[in-house]
Amino acid sequence: MALKIISWNINSIRARLSHLKKILRTYNPDLICLQETKVTNEKFPKEKIKSLGYEFFYLNGIPSYNGVSIISKIKADNSGIIEWCQNNDGRHISILLRNLTLHNIYIPAGGELPDPKLNQKFKHKLKFLDELISWSTSKTFKKTIICGDFNIAPFPEDVWSHKQLKNTISHTEIERQKLIDLQKSGFWSDIIKERIKSTDNLFTWWSYRSKNFKINNRGRRLDHIWISEDLKKNIIGVKIIDYTREWEKPSDHVPIFVEIKF
DNA sequence: ATGGCAAATTGAATTTGA
């Protein structure tokens, strides 16, 4: 059988519930990984999603901000949370589904100023990446997918202007290098990059601060789906569902999609 | 260390995002 998986930084599940339902109805994914749910586990709107055929909820939420979840049609055999940087700040949830492992990760944004000495948020982001690299290096991944909002656009073509953004957090040299190191450390395949035609849109995020995002197209590729080597032969297709950015009151991130033989 | 917008929380102003 085939498994359909979506990853999406929804920027508040409660503010975006109608959009979530639309995506679930249209793409009918087996699993959806959300980031920035901005809700505690108690207040997570489970009942409104169950009616669409999603019975299983794996939640790591905190009040007000951050928060990740995996919503599933299929019952997982196990689930877990890793606390990189020991902050209990709702940035990871994973499930084991038969022999497949899925990690949903929300890497810190890192604030404004790209100097870890002056900006604690950037320091946190770099430390989080270092801990991810240690974790990834220490294991041999089989049938594993890691996805989420990584908050880094690793390659020059992953931003609207490499020149203008090379000193902006999400595209600085040190972050890009760490993300590439992370990718190498687990032999991960960046399947969105590998599978999307060069003529198609690569971006997954456009700032709210630009009125006509479609016209100047100042986007970035911050959201990622990576797979372990042994799954490469199983990929059926990938997609960036970018038209959601044109909806009324959208998330600033758009969903990314993979279909995989399972 | 431009300004621009959006959501949550608390109660018009602040924090967070990137």
# chains A, B, ... in the order shown; residues from 1 in each chain; ligands from 1
>>> interface_residues(of="chain B", to="chain A", cutoff="9 Å", atoms="only C-alpha atoms (C1' of nucleotides)", output="list in words")
DA1, DG3, DG4, DC5, DA6, DA7, DA8, DT9, DT16, DG17 and DA18 of chain B
>>> write_last_selection(atoms="C-alpha atoms (C1' of nucleotides)", output="short mmCIF file (atom, residue, chain, number, x, y, z; two decimals), in the first residue's frame")
data_model
loop_
_atom_site.label_atom_id
_atom_site.label_comp_id
_atom_site.auth_asym_id
_atom_site.auth_seq_id
_atom_site.Cartn_x
_atom_site.Cartn_y
_atom_site.Cartn_z
"C1'" DA B 1 19.58 45.93 14.30
"C1'" DG B 3 9.54 48.30 7.75
"C1'" DG B 4 6.32 45.67 6.57
"C1'" DC B 5 2.00 41.43 8.97
"C1'" DA B 6 -0.32 37.77 12.02
"C1'" DA B 7 -1.69 35.02 16.26
"C1'" DA B 8 -1.98 34.31 21.32
"C1'" DT B 9 -2.40 36.19 25.66
"C1'" DT B 16 6.75 35.36 19.02
"C1'" DG B 17 7.59 34.26 14.43
"C1'" DA B 18 11.76 34.51 10.24
#
>>> residues_around(residues="Leu165 (chain A)", least_positions_apart="4", cutoff="12 Å", atoms="only C-alpha atoms (C1' of nucleotides)", output="PyMOL selection string")
(chain A and resi 114+152-161+169-173+176+218-220) or (chain B and resi 18)
>>> write_last_selection(atoms="N, CA and C atoms (P, O5', C5', C4', C3', O3' and C1' of nucleotides)", output="PDB file, in the first residue's frame")
ATOM      1  N   PRO A 114      21.976  37.799  13.389  1.00  0.00           N
ATOM      2  CA  PRO A 114      22.711  36.538  13.193  1.00  0.00           C
ATOM      3  C   PRO A 114      24.048  36.490  13.939  1.00  0.00           C
ATOM      4  N   ILE A 152      15.463  26.713   7.783  1.00  0.00           N
ATOM      5  CA  ILE A 152      16.709  27.012   7.060  1.00  0.00           C
ATOM      6  C   ILE A 152      16.487  26.703   5.577  1.00  0.00           C
ATOM      7  N   ALA A 153      16.897  27.644   4.755  1.00  0.00           N
ATOM      8  CA  ALA A 153      16.902  27.455   3.304  1.00  0.00           C
ATOM      9  C   ALA A 153      18.349  27.137   2.916  1.00  0.00           C
ATOM     10  N   PRO A 154      18.683  25.847   2.696  1.00  0.00           N
ATOM     11  CA  PRO A 154      20.099  25.465   2.641  1.00  0.00           C
ATOM     12  C   PRO A 154      20.874  25.900   1.392  1.00  0.00           C
ATOM     13  N   PHE A 155      20.226  26.013   0.254  1.00  0.00           N
ATOM     14  CA  PHE A 155      20.971  26.268  -0.978  1.00  0.00           C
ATOM     15  C   PHE A 155      20.615  27.640  -1.573  1.00  0.00           C
ATOM     16  N   PRO A 156      21.530  28.201  -2.367  1.00  0.00           N
ATOM     17  CA  PRO A 156      21.292  29.542  -2.931  1.00  0.00           C
ATOM     18  C   PRO A 156      19.942  29.662  -3.645  1.00  0.00           C
ATOM     19  N   GLU A 157      19.534  28.609  -4.323  1.00  0.00           N
ATOM     20  CA  GLU A 157      18.265  28.669  -5.065  1.00  0.00           C
ATOM     21  C   GLU A 157      17.041  28.498  -4.162  1.00  0.00           C
ATOM     22  N   ASP A 158      17.287  28.278  -2.865  1.00  0.00           N
ATOM     23  CA  ASP A 158      16.176  28.103  -1.924  1.00  0.00           C
ATOM     24  C   ASP A 158      15.639  29.418  -1.364  1.00  0.00           C
ATOM     25  N   VAL A 159      16.182  30.529  -1.842  1.00  0.00           N
ATOM     26  CA  VAL A 159      15.677  31.852  -1.441  1.00  0.00           C
ATOM     27  C   VAL A 159      15.543  32.736  -2.694  1.00  0.00           C
ATOM     28  N   TRP A 160      14.759  33.777  -2.558  1.00  0.00           N
ATOM     29  CA  TRP A 160      14.517  34.646  -3.729  1.00  0.00           C
ATOM     30  C   TRP A 160      15.755  35.420  -4.126  1.00  0.00           C
ATOM     31  N   SER A 161      16.636  35.707  -3.175  1.00  0.00           N
ATOM     32  CA  SER A 161      17.903  36.364  -3.497  1.00  0.00           C
ATOM     33  C   SER A 161      18.988  35.907  -2.526  1.00  0.00           C
ATOM     34  N   ILE A 169      18.954  35.536   9.006  1.00  0.00           N
ATOM     35  CA  ILE A 169      18.722  34.243   9.652  1.00  0.00           C
ATOM     36  C   ILE A 169      17.728  33.424   8.828  1.00  0.00           C
ATOM     37  N   SER A 170      18.071  32.173   8.657  1.00  0.00           N
ATOM     38  CA  SER A 170      17.456  31.142   7.804  1.00  0.00           C
ATOM     39  C   SER A 170      18.319  30.852   6.576  1.00  0.00           C
ATOM     40  N   HIS A 171      19.234  31.782   6.258  1.00  0.00           N
ATOM     41  CA  HIS A 171      20.072  31.557   5.074  1.00  0.00           C
ATOM     42  C   HIS A 171      21.531  31.967   5.306  1.00  0.00           C
ATOM     43  N   THR A 172      21.942  32.082   6.582  1.00  0.00           N
ATOM     44  CA  THR A 172      23.345  32.421   6.839  1.00  0.00           C
ATOM     45  C   THR A 172      24.224  31.202   6.572  1.00  0.00           C
ATOM     46  N   GLU A 173      25.476  31.459   6.302  1.00  0.00           N
ATOM     47  CA  GLU A 173      26.431  30.398   5.982  1.00  0.00           C
ATOM     48  C   GLU A 173      26.479  29.314   7.068  1.00  0.00           C
ATOM     49  N   ARG A 176      23.294  27.154   7.056  1.00  0.00           N
ATOM     50  CA  ARG A 176      23.236  26.337   5.841  1.00  0.00           C
ATOM     51  C   ARG A 176      24.213  25.180   5.962  1.00  0.00           C
ATOM     52  N   ARG A 218       9.025  36.755  -3.033  1.00  0.00           N
ATOM     53  CA  ARG A 218      10.190  36.735  -2.149  1.00  0.00           C
ATOM     54  C   ARG A 218      10.060  35.616  -1.116  1.00  0.00           C
ATOM     55  N   GLY A 219      10.156  34.398  -1.594  1.00  0.00           N
ATOM     56  CA  GLY A 219       9.942  33.236  -0.733  1.00  0.00           C
ATOM     57  C   GLY A 219      11.236  32.568  -0.306  1.00  0.00           C
ATOM     58  N   ARG A 220      11.072  31.569   0.531  1.00  0.00           N
ATOM     59  CA  ARG A 220      12.209  30.752   0.984  1.00  0.00           C
ATOM     60  C   ARG A 220      11.753  29.298   1.114  1.00  0.00           C
TER      61      ARG A 220
ATOM     62  P    DA B  18       8.944  30.585  12.214  1.00  0.00           P
ATOM     63  O5'  DA B  18       9.849  31.606  11.406  1.00  0.00           O
ATOM     64  C5'  DA B  18       9.558  31.792  10.036  1.00  0.00           C
ATOM     65  C4'  DA B  18      10.620  32.664   9.390  1.00  0.00           C
ATOM     66  C3'  DA B  18      12.063  32.254   9.647  1.00  0.00           C
ATOM     67  O3'  DA B  18      12.823  32.338   8.441  1.00  0.00           O
ATOM     68  C1'  DA B  18      11.762  34.507  10.242  1.00  0.00           C
TER      69       DA B  18
END
>>> select_by_dssp(residues="region 150-181 of chain A", states="helix (DSSP H, G or I)", output="list in words")
Pro156, Glu157, Asp158, His162, Lys163, Gln164, Leu165, Glu173, Ile174, Glu175, Arg176, Gln177, Lys178, Leu179, Ile180 and Asp181 of chain A
>>> write_last_selection(atoms="N, CA and C atoms", output="PDB file, in the first residue's frame")
ATOM      1  N   PRO A 156      21.530  28.201  -2.367  1.00  0.00           N
ATOM      2  CA  PRO A 156      21.292  29.542  -2.931  1.00  0.00           C
ATOM      3  C   PRO A 156      19.942  29.662  -3.645  1.00  0.00           C
ATOM      4  N   GLU A 157      19.534  28.609  -4.323  1.00  0.00           N
ATOM      5  CA  GLU A 157      18.265  28.669  -5.065  1.00  0.00           C
ATOM      6  C   GLU A 157      17.041  28.498  -4.162  1.00  0.00           C
ATOM      7  N   ASP A 158      17.287  28.278  -2.865  1.00  0.00           N
ATOM      8  CA  ASP A 158      16.176  28.103  -1.924  1.00  0.00           C
ATOM      9  C   ASP A 158      15.639  29.418  -1.364  1.00  0.00           C
ATOM     10  N   HIS A 162      19.869  35.072  -3.018  1.00  0.00           N
ATOM     11  CA  HIS A 162      20.966  34.589  -2.175  1.00  0.00           C
ATOM     12  C   HIS A 162      21.817  35.768  -1.684  1.00  0.00           C
ATOM     13  N   LYS A 163      22.039  36.706  -2.577  1.00  0.00           N
ATOM     14  CA  LYS A 163      22.878  37.861  -2.261  1.00  0.00           C
ATOM     15  C   LYS A 163      22.263  38.711  -1.145  1.00  0.00           C
ATOM     16  N   GLN A 164      20.966  38.942  -1.253  1.00  0.00           N
ATOM     17  CA  GLN A 164      20.313  39.814  -0.259  1.00  0.00           C
ATOM     18  C   GLN A 164      19.989  39.110   1.051  1.00  0.00           C
ATOM     19  N   LEU A 165      20.015  37.787   1.052  1.00  0.00           N
ATOM     20  CA  LEU A 165      19.632  37.067   2.276  1.00  0.00           C
ATOM     21  C   LEU A 165      20.783  36.322   2.944  1.00  0.00           C
ATOM     22  N   GLU A 173      25.476  31.459   6.302  1.00  0.00           N
ATOM     23  CA  GLU A 173      26.431  30.398   5.982  1.00  0.00           C
ATOM     24  C   GLU A 173      26.479  29.314   7.068  1.00  0.00           C
ATOM     25  N   ILE A 174      26.536  29.756   8.327  1.00  0.00           N
ATOM     26  CA  ILE A 174      26.694  28.789   9.423  1.00  0.00           C
ATOM     27  C   ILE A 174      25.475  27.860   9.540  1.00  0.00           C
ATOM     28  N   GLU A 175      24.282  28.408   9.362  1.00  0.00           N
ATOM     29  CA  GLU A 175      23.072  27.574   9.415  1.00  0.00           C
ATOM     30  C   GLU A 175      23.008  26.625   8.231  1.00  0.00           C
ATOM     31  N   ARG A 176      23.294  27.154   7.056  1.00  0.00           N
ATOM     32  CA  ARG A 176      23.236  26.337   5.841  1.00  0.00           C
ATOM     33  C   ARG A 176      24.213  25.180   5.962  1.00  0.00           C
ATOM     34  N   GLN A 177      25.428  25.482   6.480  1.00  0.00           N
ATOM     35  CA  GLN A 177      26.440  24.437   6.629  1.00  0.00           C
ATOM     36  C   GLN A 177      25.991  23.376   7.634  1.00  0.00           C
ATOM     37  N   LYS A 178      25.411  23.827   8.742  1.00  0.00           N
ATOM     38  CA  LYS A 178      24.947  22.870   9.756  1.00  0.00           C
ATOM     39  C   LYS A 178      23.823  21.995   9.217  1.00  0.00           C
ATOM     40  N   LEU A 179      22.929  22.573   8.431  1.00  0.00           N
ATOM     41  CA  LEU A 179      21.838  21.757   7.876  1.00  0.00           C
ATOM     42  C   LEU A 179      22.381  20.724   6.884  1.00  0.00           C
ATOM     43  N   ILE A 180      23.370  21.142   6.115  1.00  0.00           N
ATOM     44  CA  ILE A 180      23.992  20.207   5.165  1.00  0.00           C
ATOM     45  C   ILE A 180      24.760  19.115   5.928  1.00  0.00           C
ATOM     46  N   ASP A 181      25.439  19.508   7.020  1.00  0.00           N
ATOM     47  CA  ASP A 181      26.118  18.521   7.881  1.00  0.00           C
ATOM     48  C   ASP A 181      25.115  17.522   8.458  1.00  0.00           C
TER      49      ASP A 181
END
>>> atom_distance(atom1="CA of Phe128 (chain A)", atom2="CA of Ile70 (chain A)")
21.0 Å
>>> select_by_dssp(residues="region 13-182 of chain A", states="strand (DSSP E or B)", output="short mmCIF file (atom, residue, chain, number, x, y, z; two decimals) with N, CA and C atoms, in the first residue's frame")
data_model
loop_
_atom_site.label_atom_id
_atom_site.label_comp_id
_atom_site.auth_asym_id
_atom_site.auth_seq_id
_atom_site.Cartn_x
_atom_site.Cartn_y
_atom_site.Cartn_z
N LEU A 31 -1.25 10.63 7.17
CA LEU A 31 -0.61 11.29 8.31
C LEU A 31 -0.36 12.75 7.97
N ILE A 32 -0.59 13.62 8.94
CA ILE A 32 -0.20 15.02 8.75
C ILE A 32 0.60 15.48 9.96
N CYS A 33 1.79 16.03 9.67
CA CYS A 33 2.67 16.56 10.71
C CYS A 33 2.49 18.07 10.72
N LEU A 34 2.09 18.61 11.86
CA LEU A 34 1.89 20.05 11.97
C LEU A 34 2.93 20.66 12.89
N GLN A 35 3.32 21.90 12.56
CA GLN A 35 4.19 22.68 13.44
C GLN A 35 3.49 24.00 13.75
N PHE A 56 -6.34 9.29 15.47
CA PHE A 56 -5.17 9.17 16.35
C PHE A 56 -4.34 10.46 16.35
N PHE A 57 -4.07 10.93 17.55
CA PHE A 57 -3.42 12.24 17.75
C PHE A 57 -2.19 12.07 18.62
N TYR A 58 -1.06 12.49 18.10
CA TYR A 58 0.19 12.44 18.86
C TYR A 58 0.65 13.89 19.03
N LEU A 59 0.56 14.37 20.27
CA LEU A 59 0.62 15.82 20.51
C LEU A 59 1.78 16.20 21.41
N ASN A 60 2.43 17.30 21.06
CA ASN A 60 3.41 17.91 21.94
C ASN A 60 3.21 19.41 21.86
N VAL A 68 3.93 20.91 18.22
CA VAL A 68 3.90 20.04 17.05
C VAL A 68 2.90 18.91 17.30
N SER A 69 2.42 18.34 16.21
CA SER A 69 1.53 17.19 16.35
C SER A 69 1.59 16.33 15.11
N ILE A 70 1.27 15.04 15.29
CA ILE A 70 1.05 14.14 14.16
C ILE A 70 -0.38 13.64 14.28
N ILE A 71 -1.16 13.86 13.24
CA ILE A 71 -2.54 13.39 13.20
C ILE A 71 -2.58 12.24 12.20
N SER A 72 -3.21 11.13 12.60
CA SER A 72 -3.10 9.92 11.80
C SER A 72 -4.43 9.19 11.64
N ASN A 78 3.95 3.17 18.57
CA ASN A 78 4.67 3.85 19.65
C ASN A 78 4.81 5.32 19.27
N SER A 79 5.06 6.16 20.25
CA SER A 79 5.36 7.56 19.95
C SER A 79 6.36 8.07 20.96
N GLY A 80 7.02 9.16 20.62
CA GLY A 80 8.04 9.68 21.53
C GLY A 80 8.34 11.14 21.30
N HIS A 92 9.30 18.60 18.94
CA HIS A 92 9.47 17.28 18.32
C HIS A 92 8.40 16.32 18.78
N ILE A 93 7.94 15.51 17.83
CA ILE A 93 7.12 14.34 18.17
C ILE A 93 7.41 13.28 17.10
N SER A 94 7.50 12.03 17.52
CA SER A 94 7.74 10.97 16.54
C SER A 94 6.78 9.83 16.77
N ILE A 95 6.55 9.05 15.72
CA ILE A 95 5.76 7.82 15.87
C ILE A 95 6.44 6.67 15.15
N LEU A 96 6.15 5.49 15.63
CA LEU A 96 6.54 4.26 14.95
C LEU A 96 5.27 3.62 14.43
N LEU A 97 5.26 3.35 13.12
CA LEU A 97 4.07 2.80 12.46
C LEU A 97 4.53 1.55 11.73
N LEU A 100 7.95 1.71 10.04
CA LEU A 100 8.29 3.06 9.59
C LEU A 100 8.34 4.04 10.77
N THR A 101 9.40 4.85 10.81
CA THR A 101 9.52 5.87 11.86
C THR A 101 9.37 7.25 11.22
N LEU A 102 8.55 8.09 11.86
CA LEU A 102 8.31 9.44 11.35
C LEU A 102 8.62 10.44 12.46
N HIS A 103 9.55 11.36 12.17
CA HIS A 103 9.90 12.42 13.11
C HIS A 103 9.40 13.76 12.58
N ASN A 104 8.65 14.46 13.41
CA ASN A 104 8.16 15.80 13.06
C ASN A 104 8.95 16.81 13.90
N ILE A 105 9.69 17.69 13.23
CA ILE A 105 10.65 18.56 13.92
C ILE A 105 10.41 20.03 13.59
N TYR A 106 10.44 20.85 14.62
CA TYR A 106 10.32 22.30 14.45
C TYR A 106 11.59 22.95 15.00
N THR A 144 13.02 5.53 7.79
CA THR A 144 12.76 6.70 8.63
C THR A 144 12.55 7.95 7.77
N ILE A 145 11.58 8.74 8.19
CA ILE A 145 11.31 10.02 7.55
C ILE A 145 11.45 11.09 8.62
N ILE A 146 12.18 12.16 8.30
CA ILE A 146 12.16 13.33 9.19
C ILE A 146 11.64 14.51 8.37
N CYS A 147 10.71 15.22 8.96
CA CYS A 147 10.12 16.33 8.22
C CYS A 147 9.79 17.45 9.19
N GLY A 148 9.43 18.59 8.63
CA GLY A 148 8.98 19.69 9.46
C GLY A 148 9.46 21.03 8.96
N ASP A 149 9.32 22.00 9.85
CA ASP A 149 9.80 23.35 9.58
C ASP A 149 11.22 23.43 10.13
N VAL A 159 16.18 30.53 -1.84
CA VAL A 159 15.68 31.85 -1.44
C VAL A 159 15.54 32.74 -2.69
#
>>> residues_around(residues="Asp242 (chain A)", least_positions_apart="4", cutoff="8 Å", atoms="only C-alpha atoms (C1' of nucleotides)", output="list in words")
Thr204, Val254 and Pro255 of chain A
>>> write_last_selection(atoms="N, CA and C atoms", output="mmCIF file, in the first residue's frame")
data_model
loop_
_atom_site.group_PDB
_atom_site.id
_atom_site.type_symbol
_atom_site.label_atom_id
_atom_site.label_comp_id
_atom_site.auth_asym_id
_atom_site.auth_seq_id
_atom_site.Cartn_x
_atom_site.Cartn_y
_atom_site.Cartn_z
ATOM 1 N N THR A 204 8.535 27.344 0.249
ATOM 2 C CA THR A 204 7.456 26.835 1.111
ATOM 3 C C THR A 204 6.974 27.899 2.088
ATOM 4 N N VAL A 254 3.397 26.819 3.543
ATOM 5 C CA VAL A 254 2.453 25.977 2.793
ATOM 6 C C VAL A 254 2.761 24.498 3.059
ATOM 7 N N PRO A 255 1.775 23.623 2.854
ATOM 8 C CA PRO A 255 2.004 22.195 3.098
ATOM 9 C C PRO A 255 2.941 21.579 2.055
#
